[in-house]
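As stored in work_31.csv (CSV, C-alpha atoms and all ligand atoms):
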```csv
chain,number,residue,atom,x,y,z
F,491,MET,CA,0.0,0.0,0.0
F,492,SER,CA,1.4,3.4,-0.9
F,493,LYS,CA,1.9,6.1,1.8
F,494,GLN,CA,-0.9,8.1,0.2
F,495,PHE,CA,-3.5,5.4,1.2
F,496,ALA,CA,-1.9,4.2,4.4
F,497,TRP,CA,-2.8,7.3,6.3
F,498,PRO,CA,-6.6,7.2,5.9
F,499,LYS,CA,-6.6,3.6,7.1
F,500,LYS,CA,-4.6,4.5,10.1
F,501,PHE,CA,-6.9,7.4,10.8
F,502,ALA,CA,-10.0,5.2,10.6
F,503,LEU,CA,-8.5,2.8,13.1
F,504,LEU,CA,-7.6,5.7,15.4
F,505,LEU,CA,-11.1,7.1,15.1
F,506,ALA,CA,-12.6,3.8,16.0
F,507,LEU,CA,-10.4,3.5,19.0
F,508,CYS,CA,-11.2,7.0,20.0
F,509,LEU,CA,-14.9,6.6,19.7
F,510,ALA,CA,-14.8,3.6,22.0
F,511,SER,CA,-12.7,5.2,24.7
F,512,CYS,CA,-11.5,8.7,24.2
F,513,PRO,CA,-13.3,11.6,25.9
F,514,SER,CA,-12.8,13.8,22.8
F,515,PRO,CA,-13.4,11.9,19.5
F,516,ALA,CA,-12.6,13.4,16.2
F,517,HIS,CA,-16.3,14.1,15.3
F,518,ALA,CA,-17.1,15.9,18.5
F,519,THR,CA,-19.7,18.7,18.4
F,520,PHE,CA,-20.3,21.1,21.2
F,521,ILE,CA,-23.9,21.7,22.2
F,522,ASN,CA,-24.7,23.8,25.2
F,523,GLY,CA,-21.1,23.3,26.4
F,524,GLN,CA,-21.3,19.5,26.1
F,525,ASN,CA,-19.2,17.4,23.9
F,526,TYR,CA,-21.5,15.3,21.6
F,527,VAL,CA,-20.5,12.4,19.3
F,528,PRO,CA,-22.4,10.7,16.5
F,529,LEU,CA,-24.5,7.9,18.0
F,530,ALA,CA,-24.0,5.6,15.0
F,531,ASP,CA,-20.2,5.9,15.1
F,532,TRP,CA,-20.1,5.1,18.8
F,533,ALA,CA,-22.4,2.1,18.3
F,534,ARG,CA,-20.4,0.7,15.4
F,535,ALA,CA,-17.2,1.1,17.3
F,536,ASN,CA,-18.8,-0.9,20.2
F,537,GLY,CA,-20.2,-3.8,18.0
F,538,LEU,CA,-23.8,-2.5,17.8
F,539,LYS,CA,-25.9,-2.2,14.7
F,540,CYS,CA,-28.1,0.9,14.3
F,541,SER,CA,-31.6,1.0,12.8
F,542,TRP,CA,-33.6,4.2,12.4
F,543,PHE,CA,-37.4,4.4,12.9
F,544,LYS,CA,-40.0,7.2,13.0
F,545,ARG,CA,-38.2,9.2,10.3
F,546,GLY,CA,-34.9,8.9,12.2
F,547,ASP,CA,-36.2,10.2,15.5
F,548,GLU,CA,-35.8,6.8,17.1
F,549,VAL,CA,-32.4,5.0,16.9
F,550,VAL,CA,-32.2,1.4,18.0
F,551,ALA,CA,-28.7,0.0,18.5
F,552,THR,CA,-28.5,-3.8,18.9
F,553,ASN,CA,-26.3,-6.8,19.0
F,554,ARG,CA,-26.8,-10.3,20.3
F,555,THR,CA,-27.2,-9.3,23.9
F,556,THR,CA,-28.0,-5.6,23.9
F,557,ARG,CA,-30.8,-3.4,22.7
F,558,LEU,CA,-30.6,0.4,23.2
F,559,VAL,CA,-33.4,2.7,22.1
F,560,PHE,CA,-32.7,6.4,21.8
F,561,ASP,CA,-35.2,9.1,21.0
F,562,LYS,CA,-34.3,12.5,19.5
F,563,ASP,CA,-34.5,15.3,22.1
F,564,SER,CA,-35.2,12.8,24.8
F,565,ARG,CA,-33.3,12.3,28.1
F,566,MET,CA,-34.5,8.7,28.4
F,567,VAL,CA,-32.8,5.7,26.8
F,568,GLU,CA,-34.2,2.2,27.0
F,569,VAL,CA,-31.4,-0.2,28.0
F,570,ASN,CA,-32.5,-3.8,27.5
F,571,GLY,CA,-36.1,-2.9,28.2
F,572,THR,CA,-35.6,-0.6,31.2
F,573,ASP,CA,-35.7,3.2,30.9
F,574,VAL,CA,-32.7,5.1,32.2
F,575,ALA,CA,-32.3,8.8,32.4
F,576,LEU,CA,-29.4,10.4,30.5
F,577,SER,CA,-27.8,13.6,31.7
F,578,PHE,CA,-28.4,15.4,28.3
F,579,PRO,CA,-30.9,14.9,25.6
F,580,VAL,CA,-30.1,13.0,22.4
F,581,ALA,CA,-29.4,15.8,19.8
F,582,ALA,CA,-29.5,16.1,16.0
F,583,ASP,CA,-27.1,17.6,13.5
F,584,GLY,CA,-29.1,17.4,10.3
F,585,GLY,CA,-29.7,13.6,9.9
F,586,THR,CA,-27.0,12.6,12.3
F,587,ARG,CA,-28.1,11.7,15.9
F,588,LEU,CA,-25.7,12.8,18.6
F,589,ILE,CA,-25.1,11.7,22.1
F,590,ALA,CA,-23.3,13.5,24.9
F,591,GLN,CA,-19.9,11.9,25.6
F,592,MET,CA,-20.6,12.3,29.3
F,593,ASP,CA,-23.7,10.0,28.9
F,594,LEU,CA,-21.6,7.4,27.2
F,595,ASN,CA,-19.0,7.6,30.1
F,596,THR,CA,-21.4,7.8,33.0
F,597,THR,CA,-24.5,5.9,32.0
F,598,ILE,CA,-24.2,3.7,28.9
F,599,ARG,CA,-20.8,2.2,29.4
F,600,PRO,CA,-21.2,1.3,33.1
F,601,LEU,CA,-24.5,-0.5,32.3
F,602,LEU,CA,-23.2,-2.3,29.1
F,603,PHE,CA,-19.8,-3.1,30.6
F,604,PRO,CA,-20.4,-3.5,34.3
F,605,PRO,CA,-17.3,-3.6,36.6
F,606,ARG,CA,-17.4,-7.4,37.1
F,607,PHE,CA,-16.1,-8.9,40.4
F,608,THR,CA,-14.3,-5.6,41.4
F,609,ASP,CA,-15.4,-5.9,45.0
F,610,THR,CA,-12.8,-7.8,47.1
F,611,LYS,CA,-15.4,-8.2,49.9
F,612,ARG,CA,-18.9,-9.7,49.5
F,613,ILE,CA,-21.9,-7.6,50.3
F,614,THR,CA,-22.8,-8.5,53.9
F,615,THR,CA,-24.5,-5.5,55.4
F,616,ILE,CA,-27.3,-3.4,53.9
F,617,CYS,CA,-28.7,-0.2,55.4
F,618,LEU,CA,-32.4,0.3,54.9
F,619,ASP,CA,-33.8,3.8,55.2
F,620,PRO,CA,-37.6,4.0,55.5
F,621,GLY,CA,-38.4,7.5,54.3
F,622,HIS,CA,-39.8,10.2,56.6
F,623,GLY,CA,-41.1,9.3,60.2
F,624,GLY,CA,-42.4,11.1,63.3
F,625,LYS,CA,-43.3,14.7,62.5
F,626,ASP,CA,-42.4,14.2,58.9
F,627,THR,CA,-45.3,12.3,57.4
F,628,GLY,CA,-44.0,12.4,53.8
F,629,ASN,CA,-46.8,12.4,51.2
F,630,HIS,CA,-50.2,12.4,52.7
F,631,THR,CA,-53.3,11.3,50.7
F,632,PHE,CA,-56.6,11.1,52.5
F,633,TRP,CA,-55.8,9.7,56.0
F,634,ARG,CA,-52.7,7.7,54.7
F,635,SER,CA,-49.1,8.9,55.4
F,636,GLU,CA,-46.2,7.8,53.3
F,637,LYS,CA,-44.1,7.3,56.5
F,638,THR,CA,-46.3,4.4,57.5
F,639,TYR,CA,-45.8,2.4,54.3
F,640,THR,CA,-42.1,3.1,53.9
F,641,LEU,CA,-41.6,1.6,57.3
F,642,ALA,CA,-43.9,-1.4,56.6
F,643,LEU,CA,-42.0,-2.1,53.4
F,644,ALA,CA,-38.6,-1.7,55.1
F,645,LEU,CA,-39.6,-4.2,57.9
F,646,GLU,CA,-40.7,-6.7,55.2
F,647,LEU,CA,-37.5,-6.1,53.2
F,648,ARG,CA,-35.4,-6.5,56.4
F,649,ASP,CA,-36.9,-9.9,57.0
F,650,GLN,CA,-36.4,-11.1,53.5
F,651,LEU,CA,-32.8,-9.8,53.4
F,652,GLN,CA,-32.0,-11.5,56.7
F,653,LYS,CA,-33.4,-14.8,55.3
F,654,ALA,CA,-31.0,-14.2,52.3
F,655,ARG,CA,-28.2,-14.0,55.0
F,656,PHE,CA,-27.5,-10.3,54.9
F,657,ASN,CA,-27.0,-8.2,58.0
F,658,VAL,CA,-29.5,-5.3,58.0
F,659,ILE,CA,-29.2,-1.9,59.6
F,660,MET,CA,-32.3,0.4,59.8
F,661,THR,CA,-32.2,4.2,60.0
F,662,ARG,CA,-35.5,3.8,61.9
F,663,SER,CA,-37.5,0.8,62.9
F,664,LYS,CA,-40.4,2.7,64.4
F,665,ASP,CA,-42.4,5.9,63.8
F,666,ALA,CA,-39.5,8.3,64.7
F,667,TYR,CA,-38.1,11.4,63.1
F,668,VAL,CA,-34.5,11.1,61.8
F,669,GLU,CA,-32.7,14.0,60.2
F,670,LEU,CA,-31.8,13.5,56.6
F,671,PRO,CA,-28.0,13.7,57.0
F,672,ASP,CA,-28.1,11.2,59.9
F,673,ARG,CA,-29.4,8.5,57.6
F,674,PRO,CA,-26.4,8.0,55.3
F,675,ALA,CA,-24.2,8.9,58.3
F,676,LEU,CA,-25.4,5.8,60.1
F,677,ALA,CA,-24.7,3.7,57.1
F,678,ASN,CA,-21.2,5.1,56.8
F,679,ARG,CA,-20.5,4.7,60.5
F,680,ARG,CA,-21.7,1.1,60.6
F,681,GLY,CA,-19.8,0.1,57.5
F,682,ALA,CA,-22.8,-0.8,55.4
F,683,ASP,CA,-22.0,-2.2,51.9
F,684,LEU,CA,-25.3,-0.8,50.3
F,685,PHE,CA,-27.7,1.9,51.2
F,686,VAL,CA,-31.4,1.6,50.1
F,687,SER,CA,-33.9,4.4,50.9
F,688,LEU,CA,-37.6,3.6,50.5
F,689,HIS,CA,-40.3,6.1,49.5
F,690,PHE,CA,-43.7,6.3,47.9
F,691,ASN,CA,-44.6,8.9,45.4
F,692,ALA,CA,-47.4,11.4,44.8
F,693,THR,CA,-48.2,13.7,41.9
F,694,PRO,CA,-50.4,16.8,41.9
F,695,THR,CA,-51.5,16.3,38.3
F,696,GLY,CA,-52.4,13.3,36.2
F,697,LYS,CA,-53.4,11.2,39.2
F,698,ASN,CA,-55.1,8.6,37.1
F,699,GLU,CA,-52.2,8.2,34.7
F,700,VAL,CA,-49.0,8.5,36.7
F,701,GLU,CA,-48.0,5.2,38.3
F,702,GLY,CA,-45.1,2.8,38.6
F,703,PRO,CA,-41.8,2.6,40.5
F,704,GLN,CA,-38.7,4.7,39.8
F,705,THR,CA,-35.2,4.3,41.3
F,706,TYR,CA,-32.8,7.1,41.9
F,707,CYS,CA,-29.0,7.2,42.1
F,708,ILE,CA,-26.6,10.1,42.4
F,709,THR,CA,-26.3,12.6,39.5
F,710,PRO,CA,-23.0,12.6,37.7
F,711,VAL,CA,-20.7,15.6,38.3
F,712,GLY,CA,-21.5,18.4,35.9
F,713,ALA,CA,-25.0,17.3,35.1
F,714,SER,CA,-28.5,18.4,36.3
F,715,SER,CA,-30.6,15.9,38.1
F,716,THR,CA,-33.5,14.3,36.3
F,717,ASP,CA,-35.9,16.3,38.4
F,718,ALA,CA,-33.6,19.1,39.4
F,719,GLN,CA,-35.2,20.8,42.4
F,720,GLY,CA,-33.2,24.0,42.3
F,721,GLU,CA,-29.8,22.4,41.9
F,722,GLY,CA,-28.3,22.2,38.5
F,723,ALA,CA,-25.1,21.2,36.7
F,724,ASN,CA,-22.9,23.5,38.8
F,725,PHE,CA,-23.3,21.4,41.9
F,726,GLY,CA,-19.9,20.0,42.8
F,727,ALA,CA,-18.8,16.4,43.4
F,728,THR,CA,-20.4,14.7,46.3
F,729,THR,CA,-19.1,11.8,48.4
F,730,ALA,CA,-21.6,9.5,46.6
F,731,ASN,CA,-20.0,10.2,43.2
F,732,ARG,CA,-17.1,8.0,44.3
F,733,ALA,CA,-19.5,5.0,44.0
F,734,GLU,CA,-21.5,6.4,41.2
F,735,GLN,CA,-21.1,3.6,38.7
F,736,LYS,CA,-22.0,0.9,41.1
F,737,SER,CA,-25.0,2.9,42.4
F,738,LEU,CA,-26.2,3.2,38.8
F,739,LEU,CA,-25.9,-0.6,38.3
F,740,LEU,CA,-27.7,-1.3,41.6
F,741,ALA,CA,-30.5,1.2,40.7
F,742,TYR,CA,-30.8,-0.4,37.2
F,743,GLN,CA,-31.0,-4.0,38.5
F,744,VAL,CA,-33.5,-3.1,41.2
F,745,GLN,CA,-35.7,-1.0,38.8
F,746,LYS,CA,-35.7,-3.8,36.3
F,747,SER,CA,-36.7,-6.4,38.9
F,748,LEU,CA,-39.5,-4.1,40.3
F,749,VAL,CA,-41.0,-3.6,36.9
F,750,ARG,CA,-40.8,-7.2,35.9
F,751,ASN,CA,-41.9,-8.8,39.1
F,752,LEU,CA,-44.7,-6.4,39.9
F,753,SER,CA,-45.8,-6.1,36.3
F,754,ALA,CA,-45.6,-2.4,36.9
F,755,LYS,CA,-45.2,0.6,34.6
F,756,ASP,CA,-41.5,1.6,34.3
F,757,ARG,CA,-40.8,5.2,35.4
F,758,GLY,CA,-37.1,4.5,35.0
F,759,VAL,CA,-33.7,4.9,36.6
F,760,ARG,CA,-33.3,8.5,37.5
F,761,ARG,CA,-30.6,10.8,38.9
F,762,ALA,CA,-30.8,13.1,42.0
F,763,ARG,CA,-28.6,14.6,44.6
F,764,TYR,CA,-31.0,13.9,47.4
F,765,ALA,CA,-29.5,14.5,50.9
F,766,VAL,CA,-29.8,10.8,51.8
F,767,LEU,CA,-27.9,9.8,48.6
F,768,ARG,CA,-25.1,12.4,48.3
F,769,ASP,CA,-23.3,11.6,51.6
F,770,ALA,CA,-23.2,7.9,51.3
F,771,THR,CA,-19.8,6.3,50.9
F,772,MET,CA,-21.3,3.0,49.5
F,773,PRO,CA,-23.5,2.3,46.5
F,774,ALA,CA,-26.8,4.1,47.4
F,775,ILE,CA,-30.2,4.2,45.8
F,776,LEU,CA,-33.6,5.7,46.6
F,777,ILE,CA,-36.6,3.7,45.5
F,778,GLU,CA,-40.0,5.4,44.9
F,779,GLY,CA,-42.1,2.2,45.1
F,780,GLY,CA,-45.2,3.7,43.3
F,781,TYR,CA,-47.8,6.4,43.5
F,782,MET,CA,-50.0,6.9,46.5
F,783,THR,CA,-52.1,9.3,44.3
F,784,HIS,CA,-52.9,6.6,41.7
F,785,PRO,CA,-56.4,5.0,42.4
F,786,VAL,CA,-55.2,1.4,41.6
F,787,GLU,CA,-51.5,1.5,42.6
F,788,SER,CA,-52.3,3.2,45.9
F,789,LYS,CA,-54.5,0.2,47.0
F,790,LYS,CA,-51.6,-2.1,46.2
F,791,ILE,CA,-49.2,-0.1,48.3
F,792,TYR,CA,-51.5,-0.3,51.2
F,793,ASN,CA,-51.7,-4.1,50.8
F,794,ALA,CA,-49.2,-6.2,52.8
F,795,ALA,CA,-49.1,-9.0,50.2
F,796,TYR,CA,-48.1,-6.5,47.5
F,797,ARG,CA,-45.4,-5.0,49.7
F,798,HIS,CA,-44.1,-8.6,50.3
F,799,GLN,CA,-43.9,-9.0,46.5
F,800,MET,CA,-42.2,-5.6,46.2
F,801,ALA,CA,-39.6,-6.6,48.8
F,802,GLN,CA,-39.0,-9.8,47.0
F,803,ALA,CA,-38.4,-7.9,43.8
F,804,ILE,CA,-35.9,-5.6,45.6
F,805,VAL,CA,-34.0,-8.6,47.0
F,806,ILE,CA,-33.8,-10.1,43.5
F,807,GLY,CA,-32.4,-6.8,42.1
F,808,ILE,CA,-29.8,-6.7,44.9
F,809,LEU,CA,-28.8,-10.3,44.3
F,810,THR,CA,-28.4,-9.7,40.6
F,811,TYR,CA,-26.3,-6.7,41.3
F,812,GLN,CA,-24.2,-8.7,43.8
F,813,ARG,CA,-23.5,-11.4,41.2
F,814,LEU,CA,-22.2,-8.7,38.8
F,815,VAL,CA,-19.8,-7.1,41.2
F,816,SER,CA,-18.8,-9.6,43.9
F,817,PRO,CA,-16.8,-12.8,43.8
F,818,PRO,CA,-19.0,-15.9,43.2
F,819,LEU,CA,-21.0,-17.3,46.2
F,820,PRO,CA,-19.7,-20.3,48.2
F,821,PRO,CA,-21.5,-23.4,47.0
F,822,SER,CA,-23.4,-24.0,50.3
F,823,THR,CA,-25.2,-20.6,50.3
F,824,ASN,CA,-28.8,-20.9,49.4
F,825,HIS,CA,-29.9,-17.5,48.0
F,826,PRO,CA,-33.1,-17.0,46.0
F,827,VAL,CA,-32.5,-17.1,42.2
F,828,ALA,CA,-33.2,-14.0,40.2
F,829,LYS,CA,-35.5,-14.5,37.2
F,830,ASN,CA,-34.4,-13.2,33.9
F,831,PRO,CA,-32.8,-9.8,34.8
F,832,MET,CA,-33.2,-8.6,31.2
F,833,ALA,CA,-37.0,-8.4,31.3
F,834,ASN,CA,-38.8,-5.9,29.1
F,835,GLY,CA,-39.8,-2.6,30.5
F,836,MET,CA,-42.2,0.0,29.3
F,837,SER,CA,-42.0,3.7,28.4
F,838,THR,CA,-42.0,6.4,30.9
F,839,ASN,CA,-43.6,9.8,31.0
F,840,THR,CA,-42.3,13.1,32.3
F,841,ILE,CA,-44.9,14.5,34.6
F,842,SER,CA,-43.1,16.1,37.5
F,843,THR,CA,-43.7,14.6,40.9
F,844,LYS,CA,-44.5,16.3,44.2
F,845,ASN,CA,-41.4,17.5,46.1
F,846,HIS,CA,-40.8,16.0,49.5
F,847,PRO,CA,-37.7,15.8,51.7
F,848,ARG,CA,-35.4,12.8,51.1
F,901,ZN,ZN,-40.8,10.3,50.4
```
Whole structure, structure tokens version:
Amino acid sequence: MSKQFAWPKKFALLLALCLASCPSPAHATFINGQNYVPLADWARANGLKCSWFKRGDEVVATNRTTRLVFDKDSRMVEVNGTDVALSFPVAADGGTRLIAQMDLNTTIRPLLFPPRFTDTKRITTICLDPGHGGKDTGNHTFWRSEKTYTLALALELRDQLQKARFNVIMTRSKDAYVELPDRPALANRRGADLFVSLHFNATPTGKNEVEGPQTYCITPVGASSTDAQGEGANFGATTANRAEQKSLLLAYQVQKSLVRNLSAKDRGVRRARYAVLRDATMPAILIEGGYMTHPVESKKIYNAAYRHQMAQAIVIGILTYQRLVSPPLPPSTNHPVAKNPMANGMSTNTISTKNHPR
């Protein structure tokens, strides 16, 4: 091959390597200060085939084990059937669909290529945080208070986790008020391996339509939260950002399990810098188990059998996460087996939810 043609080939190889791993690939475009790259180029470099639907507004990237669905101008991506919030919307440059490099680094890559077996220690202790308590009732619909049902779910989940041989710490085990910073502080002090905060949701509008669980983990540095409540991209790094990738993976596996095992609507994995998340030193998530304002879902939340099922789904999500990051279990351990963790999810909607402290 002459020198004249050798250079483009080398350049193509360099570009492919760059798209797979470099923070600033050759085709970067800056939109609102963010570095965007062509979605199709990134997909190709990572062994995924792209198909375009809805006049190119929907891009589906697939291979034998993965299916990603991106929508133009949307901050939600479907990852193997479960909705996950991106930090920035998918953009367009003419007919080319673009994705923020930050989203590839902080959301897509950690989910597609999880950090397998990186924990030297198995997960033994889990801190459960039943939302609200005492003078803080949480959401209140008719005569029902959120604090009652977060505690009921936490007690159920505690029993099931203990049966699965985990040690469980509770930030509260009765109707008591606990300051928000004290909750992750307890988990940090007691050396918990995971932190799981439990809440139920409410919406001021669309009460008949808005339903389903959603699971939060910490917002990446430099991004706005999914439902930014006054804090935006300028918020600095938090303690929780150190365990950000594992928190995302835990949130994803728990959300997937909740949607599949409860046959619930998928409101997705979302990002927030909630006070109970941002100070945790271990992987930390906040589960909104469903809507107390929805006429059908609320009745389920108030039902002990449904909360038992919800706790089972959370345990399955935690065990699936554990299998991804921890060394294999000793043969004698008899843990429940997760059903297919790649179950299909459903689309989400974007109606904002009522603000309550967490
Ligand atoms: Zn709450």
Using all atoms listed in the file, which of the listed residues (F:Arg612, F:Lys625, F:Lys637, F:Arg554) sits closest to ligand ZN 901 (chain F)?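 Of F:Arg612, F:Lys625, F:Lys637, F:Arg554, the one nearest ligand ZN 901 (chain F), counting all atoms listed in the file, is F:Lys637.
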Could you tell me, counting only C-alpha atoms and all ligand atoms, which protein and nucleic acid residues lie no more than 12 Å from ligand ZN 901 (chain F), written as a ChimeraX atom specification? /F:619-623,626-630,635-641,670,687-693,764,766,776-782,843-848
Have a look at F:Asn793, F:Ser541, F:Gln591, F:Thr695 and name the one nearest to Phe520 in chain F; count only C-alpha atoms.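 For Phe520 in chain F, the nearest of the given residues is F:Gln591.
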Could you give me, as a list in words, the residues within 8 Å of Ile808 in chain F, counting only C-alpha atoms and dropping anything in the same chain fewer than 2 positions from it? Leu740, Gln743, Val744, Ile804, Val805, Ile806, Thr810, Tyr811 and Gln812 of chain F
Determine, counting all atoms listed in the file, every residue of protein, DNA or RNA that lies within 9 Å of (-31.4, 9.0, 31.3) in the file coordinates, then give the result as a list in words.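 Within 9 Å of (-31.4, 9.0, 31.3), the protein and nucleic acid residues are Ser564, Arg565, Met566, Val567, Glu568, Asp573, Val574, Ala575, Leu576, Ser577, Phe578, Pro579, Asp593, Thr597, Thr716, Gly758, Val759, Arg760 and Arg761 of chain F.
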Can you write just those residues out, C-alpha atoms, as a PDB file, in the frame of the given file?
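Result went into selection12.pdb, see below:
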```
ATOM      1  CA  SER F 564     -35.200  12.800  24.800  1.00  0.00           C
ATOM      2  CA  ARG F 565     -33.300  12.300  28.100  1.00  0.00           C
ATOM      3  CA  MET F 566     -34.500   8.700  28.400  1.00  0.00           C
ATOM      4  CA  VAL F 567     -32.800   5.700  26.800  1.00  0.00           C
ATOM      5  CA  GLU F 568     -34.200   2.200  27.000  1.00  0.00           C
ATOM      6  CA  ASP F 573     -35.700   3.200  30.900  1.00  0.00           C
ATOM      7  CA  VAL F 574     -32.700   5.100  32.200  1.00  0.00           C
ATOM      8  CA  ALA F 575     -32.300   8.800  32.400  1.00  0.00           C
ATOM      9  CA  LEU F 576     -29.400  10.400  30.500  1.00  0.00           C
ATOM     10  CA  SER F 577     -27.800  13.600  31.700  1.00  0.00           C
ATOM     11  CA  PHE F 578     -28.400  15.400  28.300  1.00  0.00           C
ATOM     12  CA  PRO F 579     -30.900  14.900  25.600  1.00  0.00           C
ATOM     13  CA  ASP F 593     -23.700  10.000  28.900  1.00  0.00           C
ATOM     14  CA  THR F 597     -24.500   5.900  32.000  1.00  0.00           C
ATOM     15  CA  THR F 716     -33.500  14.300  36.300  1.00  0.00           C
ATOM     16  CA  GLY F 758     -37.100   4.500  35.000  1.00  0.00           C
ATOM     17  CA  VAL F 759     -33.700   4.900  36.600  1.00  0.00           C
ATOM     18  CA  ARG F 760     -33.300   8.500  37.500  1.00  0.00           C
ATOM     19  CA  ARG F 761     -30.600  10.800  38.900  1.00  0.00           C
TER      20      ARG F 761
END
```
Between CA of Trp542 in chain F and CA of Lys746 in chain F, what is the distance in Å, rounded to a tenth?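 A separation of 25.3 Å between them.
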With distances taken over only C-alpha atoms, which of F:Asp717, F:Gln652, F:Leu558, F:Trp532 is nearest to Asn595 in chain F?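 Smallest separation from Asn595 in chain F among the options: F:Trp532.
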Just the number, please: distance in Å from CA of Lys664 in chain F to CA of Gly624 in chain F, one decimal. 8.7 Å
Of the residues F:Ser816, F:Asn678, F:Thr709, F:Gln650, which is the one nearest to Ala801 in chain F, using all atoms listed in the file? F:Gln650
Which residue gives the smallest distance to Leu601 in chain F among F:Leu676, F:Leu739, F:Val700, F:Ala733, with all atoms listed in the file counted? F:Leu739
With only C-alpha atoms as the basis for distance, which of F:Leu594, F:Leu529, F:Ala770, F:Leu618 is at the shortest distance from Leu651 in chain F? F:Leu618
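We find CA of Ala677 in chain F and CA of Ile708 in chain F to be spaced 16.1 Å apart.
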Polymer residues at most 9 Å from Asn553 in chain F, all atoms listed in the file, same-chain spacing of 4 or more positions, as a count of residues only: 4
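When the distance limit is 10 Å and all atoms listed in the file are what count, the residues near Gln802 in chain F, minus those fewer than 5 positions from it on the same chain, are F:Glu646, F:Leu647, F:Gln650, F:Leu651, F:Ser747, F:Leu748, F:Asn751, F:Leu752, F:Tyr796, F:Arg797, F:Gly807, F:Ile808, F:Pro826, F:Ala828.
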